[in-house]
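Written out below as structure tokens is the structure these notes cover.
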Amino acid sequence: MAEIKEKKRTEVADINRELYDIRDTDTTEYQVEKGLSASIITEISRGKDEPDWMLQSRLEALDIYNKLPMPSWGPSLHELNMDEIVTYVRPKGGMKQDWDDVPDDIKNTFVRLGIPEAEHELLAGVGAQYDSEVVYHNVKESMSKRGVIYTDMDTAVKEYEPLVREHFMKLVPPTDHKFVALHGAVWSGGSFVYVPEGVEVDIPLQSYFRLNAPGAGQFEHTLIIVEKGAKLHFIEGCSAPKYNVVNLHAGCVELFVHEDATLRYSTIENWSKNMMNLNTKRANVDKNGTIEWISGTFGSHVTMLYPSSILKGEGAKSAFTGITFASHGQHLDTGTRVVHAAPYTSSTVNSRSITKDDGIAVYRSSINILPEAHDVKSAINCESLMLDKRSRSDTLPVMDIRNDEVDIGHEARIGRIGDEVIFYLMTRGLSEDEARGMIVRGFVEPIAKELPLEYAVEMNNLITLELEGSIG
Amino acid sequence: MQVLWKELNRIPVRTWNWLEVNDTSLDVQMDTLADTSSLQEAISQGCDSLITTEEVQDFINRYATHRHHVIIDAGQMYSEPEVFSFITTADKPAIVDDIVIEARRGSVATVVIRYESDGAAEGFHAGRIRLLAEKDAKLDVVVYQNLSNTAKNVMTIGGTADEDATINVTIAELGAQKTVSGCNLILAGENSTVRMRALYVGDGARELDMNYRTELRGANSDAEILARGVLMDTSKKVFRDTLDFVRGASGAKGREEEYAVLLSPYARNVSVPLMLCTEDDVEGEHASSAGRLDENILFYLQCRGITELDAKKIMVEGAFSAITEELPDTIRTEIMNDVKEKMQHAQIYSR
């Protein structure tokens, strides 16, 4: 038997969480009891002074939640006990439009994360949510004058009721799955964005979600409507300090991209490793509209996240770009779903994952081409880099094609960097370490260049590389 | 007797239930079969790597109508294939076969197993093929299924390749109203090799459900799954292929590739190419694609006086050549003739 040489491996440090793990201890004004019941939901709704239809919607969602089973696939959710989760935590201070009015300890959390600075220098508007409520929301006057609406969801439910009621949980109904039903029952906070016809919002809007309370859940709802010919880039960031108890995030994002409109939705998720992240995101795209998903998943203990695109109108497009980094104690099950429901639609998926230290990364996707969708193009590419033998990487794509006039291809790779590639770069004058570093950076570059790194200080420290030996 | 089997062809890692690819089921009504369980023989360890249900195994153990245990002695090399032929007839509509093939150390052999129907009568086939290739052995198995259009077919194949051994399995699924076909090959030994080839034809209302898996355990093992298919009329196909790199398979390489030619807007094509990995020092890749035949090439052939249908036959034959070129001549010709025959009689080519 030939001797198998043990290869050196590239070391990639864990993400530096020092900034995220700072806890605020005296920021809660009020919270409901642990668990889930009609009385808790009614209490949340009354506290928000919501219209009756929203309370009824919540109660119907609770009923659906109680009837639906847990998923029979994907990561184990056995650590999640809803009886121990506090579904609503109201921080002190209420919502402000001036950072100076936000309570200091809450404000300092966002200052450390660079949000106020980013707003001042780089953004058209910012929403900041702390536990279950939005504590800060502002949009530049120049945007407001053009008819752009960017406000928190609780305000939107009252001030833009017809528009919200027409769209709220219509794209992602409570019957979709158990955690959407949960969201429908206890949702709180989140952002509402409306971009009128023809308006191009040329600098991004950003919402940042911070979950501070231990054993709590965050259930923000984001609803974005981009009218005909309009354009928007929306950035979502999230983090939480680490505790020894389970926290839950079951947010919901509904995006309506109308004819000829473009929406880029960027997310950097950096939840702590006690977080169960069961988020649902979906976009409906009309004729010649475009949705671009940019997704960076770096945190949480368990994530189940599959941004979905329904290409309803002829010529609609979807582009998904994602990176997942699973380290010790993490099971990150991510991917995307695209439904081609009209002719001449197209989709691309470009996904990368890195795993180390018993981390598990799963790429899960589905591409569905309906019978009426002819002349469809779809290209899916995913690549996985495993840094050691302790981790796991699975690729589970599904293609369901019901029309013959299609051009669809999927490819995936997993493996190590070939010695010949290293040799080639070294012949060009690079050292071995430089060559390996270049290749690893090249591996993440297609995704990293799409991430809104310039908008948040912490993005610059996402992955630091220490290179030694081969990568495999 | 009624046979209702559920959770057949279970996918190695479950996914969304609404996609309906996690498994399949089969419901068959047939005349009572004789109990032949006393005729079972013991088999070598390593032969039992099937991924089918206990119900199917128990059924075959109990009701097998044909049992064959083939042992190719160490060092023996056979150039001519051994052929097993099973035909359903109106008098004997059910075939339940249990075949074990053990290739001893250093041996070389080819086995062809054929399943066909005499006439169009409704029939049933449940088959189990268990394979073992010991060190340095090379075993080629061709399974050719062309049962009647009303038959139901369940096929489960399992095999293990030891150190430096090779198992090549080619499965051609051309017939039956519903086929549930599964194959699980384990590359247990260092430097072992597995080549799995699948060729399928969907016509009429045919349903094909396939689940082909390779498990790479041995260091420097090499696995390939290659599939080609054509779908016509209102046929439906689910094709799952899995490369599973197990921890310890350092240096292993795996490739899976599927291409489905779509010749009808009413056919349904579902592909599930899985790649599972708990070993970092591997190279794995998979590709899955589907679409119509290239219109430019079709036009070119028709310019040369070839009819559209014949041009399509030529192109499908070309697409299938990656699999058929490695088959024994007679079976290759027969398979392609049957494919063309089915294309000739397909009902729907365009909306």
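Residue names in the structure tokens use chain letters A, B, ... in the order shown, residue numbers from 1 in each chain, and ligand numbers from 1 in the order shown.
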
#### Entry: Proximal residues of chain A relative to chain B (only C-alpha atoms; 7 Å) as a count of residues only
33

### Query
Could you pull out all residues of segment 35-98 of chain A with a DSSP call of helix (DSSP H, G or I) and give them as an MDAnalysis selection string?
chainID A and resid 38:48 52:67 82:84

Pick out the residues sitting within 9 Å of Ser181 of chain B, and hand them over as an mmCIF file with N, CA and C atoms, in the first residue's frame; count only C-alpha atoms, and ignore anything fewer than 4 positions along from it in its own chain.
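This is the output file part05.cif:
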```cif
data_model
loop_
_atom_site.group_PDB
_atom_site.id
_atom_site.type_symbol
_atom_site.label_atom_id
_atom_site.label_comp_id
_atom_site.auth_asym_id
_atom_site.auth_seq_id
_atom_site.Cartn_x
_atom_site.Cartn_y
_atom_site.Cartn_z
ATOM 1 N N ASN B 9 -36.116 4.318 -3.279
ATOM 2 C CA ASN B 9 -35.139 5.281 -3.822
ATOM 3 C C ASN B 9 -34.992 6.509 -2.933
ATOM 4 N N ASN B 153 -41.537 -1.925 -12.750
ATOM 5 C CA ASN B 153 -40.172 -2.445 -12.624
ATOM 6 C C ASN B 153 -39.482 -1.849 -11.406
ATOM 7 N N VAL B 154 -38.930 -2.708 -10.571
ATOM 8 C CA VAL B 154 -38.119 -2.263 -9.436
ATOM 9 C C VAL B 154 -36.780 -2.971 -9.534
ATOM 10 N N MET B 155 -35.733 -2.181 -9.613
ATOM 11 C CA MET B 155 -34.392 -2.766 -9.766
ATOM 12 C C MET B 155 -33.491 -2.181 -8.695
ATOM 13 N N THR B 156 -32.803 -3.037 -7.954
ATOM 14 C CA THR B 156 -31.872 -2.512 -6.975
ATOM 15 C C THR B 156 -30.532 -3.222 -7.129
ATOM 16 N N ILE B 157 -29.491 -2.445 -7.255
ATOM 17 C CA ILE B 157 -28.138 -2.978 -7.480
ATOM 18 C C ILE B 157 -27.228 -2.440 -6.389
ATOM 19 N N ILE B 171 -26.556 0.838 -16.944
ATOM 20 C CA ILE B 171 -27.981 0.543 -16.789
ATOM 21 C C ILE B 171 -28.737 1.260 -17.902
ATOM 22 N N GLU B 173 -32.434 1.941 -19.118
ATOM 23 C CA GLU B 173 -33.854 1.843 -18.756
ATOM 24 C C GLU B 173 -34.673 2.364 -19.925
ATOM 25 N N LEU B 208 -39.939 7.384 -14.833
ATOM 26 C CA LEU B 208 -38.636 6.830 -14.459
ATOM 27 C C LEU B 208 -38.192 7.475 -13.159
ATOM 28 N N ASP B 209 -37.842 6.640 -12.202
ATOM 29 C CA ASP B 209 -37.328 7.152 -10.929
ATOM 30 C C ASP B 209 -36.009 6.450 -10.650
ATOM 31 N N MET B 210 -34.927 7.199 -10.657
ATOM 32 C CA MET B 210 -33.592 6.609 -10.553
ATOM 33 C C MET B 210 -32.822 7.207 -9.387
ATOM 34 N N ASN B 211 -32.020 6.377 -8.767
ATOM 35 C CA ASN B 211 -31.259 6.803 -7.590
ATOM 36 C C ASN B 211 -29.926 6.079 -7.623
ATOM 37 N N TYR B 212 -28.875 6.763 -8.065
ATOM 38 C CA TYR B 212 -27.574 6.131 -8.242
ATOM 39 C C TYR B 212 -26.550 6.802 -7.350
#
```

### Task
Taking the DSSP assignment computed from this structure's backbone, write out as a PyMOL selection string all residues of segment 165-348 of chain B that belong to strand (DSSP E or B).
chain B and resi 166-173+178-187+193-202+207-216+222-231+236-245+252-262+268-277+282-291

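The smallest atom-to-atom distance between Glu7 of chain B and any of B:Val180, B:Val28, B:Leu139, B:Leu216, using only C-alpha atoms, is found for B:Val180.
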
### Query
Taking only C-alpha atoms into account, which of B:Asp27, B:Trp5, B:Phe84, B:Ala176 comes nearest Glu54 of chain B?
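Looking at the shortest contact to Glu54 of chain B, the residue is B:Trp5.
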
### Summary
Shortest contact to Leu39 of chain B, candidates B:Gly204, B:Asp98, B:Thr24, B:Pro81, atoms counted only C-alpha atoms, goes to B:Asp98

#### Entry: Pairwise distance for atom CA of Gly335 of chain A and atom CA of Ser25 of chain B, rounded to one decimal in Å
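Taking atom CA of Gly335 of chain A as the start and atom CA of Ser25 of chain B as the end point, the length is 28.1 Å.
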
### Query
What does the distance between atom CA of Arg264 of chain A and atom CA of Leu232 of chain A come to in Å, to one decimal place?
6.4 Å

### Query
Between A:Pro174, A:Gly47, A:Pro75, A:Gly217, which one has atoms that come closest to Val302 of chain A, using only C-alpha atoms?
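Nearest to Val302 of chain A: A:Pro75.
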
#### Entry: Option closest in space to Ile323 of chain B, from B:Val112, B:Val100, B:Cys303, B:Ile335 [counting only C-alpha atoms]
B:Ile335
